[in-house]
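Everything below concerns the one structure shown next.
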Amino acid sequence: MRQESASLTRHLRVRRDRGHTVLEFLGEIDIASADEIVPHLDRETGRPGARIVLDLGGVEFFDCSGLRLLYRARRRVLDGGGQVHLVCVHPLTLRMLRITGLARLLPPRPTLTEVLGVSPPRQGRRTGR
């Protein structure tokens, strides 16, 4: 079940969706926005057994500060015995993830639907009657 999102900063929105906490990053993720995001990120990723999705779909700019946030989130969630997933399709951000090796540690997926394993409704078979 999806719950409405709470915008914690202009750069981070948090919502619950099918048993996962989705952290939606928004706008420019740089050193200034990272400082705003860290306390909220730590609160959500520090829960034992957390099931986190880091969604970069709303990101316009992403630098090394953003990479540090992703790595920090991954480490905290895994240390707590949880699961963490990444949604990203932006070509430049994907390139940064590959170059730094973070894509191997946190493989990006193209959609939230794919991460949550939601399949489209099955169509009933028609009998022609």
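Please note that chains go A, B, ... in the order of the structure tokens, that every chain numbers its residues from 1, and that ligands are numbered from 1 in the order shown.
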
List as a PyMOL selection string the protein and nucleic acid residues near Gly58 in chain A, meaning an atom at most 8 Å away when only C-alpha atoms are counted, but skip any in the same chain fewer than 4 places from it. chain A and resi 24-27

Next, the residues of the selection above should be written as a PDB file, in the first residue's frame with C-alpha atoms.
```
ATOM      1  CA  GLU A  24      12.998  10.388  -3.428  1.00  0.00           C
ATOM      2  CA  PHE A  25      15.889  12.727  -4.142  1.00  0.00           C
ATOM      3  CA  LEU A  26      14.870  15.946  -5.892  1.00  0.00           C
ATOM      4  CA  GLY A  27      16.604  18.714  -7.816  1.00  0.00           C
TER       5      GLY A  27
END
```

Could you pull the residues within 10 Å of Arg51 in chain A, counting only C-alpha atoms, minus those fewer than 4 positions along the same chain, as an MDAnalysis selection string? chainID A and resid 16 18:22 44:45 47 77:78 81:85

Quick one: pick out all alpha helix (DSSP H) residues within range 8-72 of chain A from a backbone DSSP run and write them as an MDAnalysis selection string. chainID A and resid 31:45 64:72

Where does DSSP see strand (DSSP E) in range 28-118 of chain A, if you list the residues as a PyMOL selection string? chain A and resi 28-29+51-62+83-87+108-109

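With only C-alpha atoms as the atoms that count, the minimum distance from Leu86 in chain A to the choices A:Val115, A:Ala32, A:Leu41, A:Val14 is reached by A:Val115.
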
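CA of Cys88 in chain A is found 6.1 Å from CA of Arg109 in chain A.
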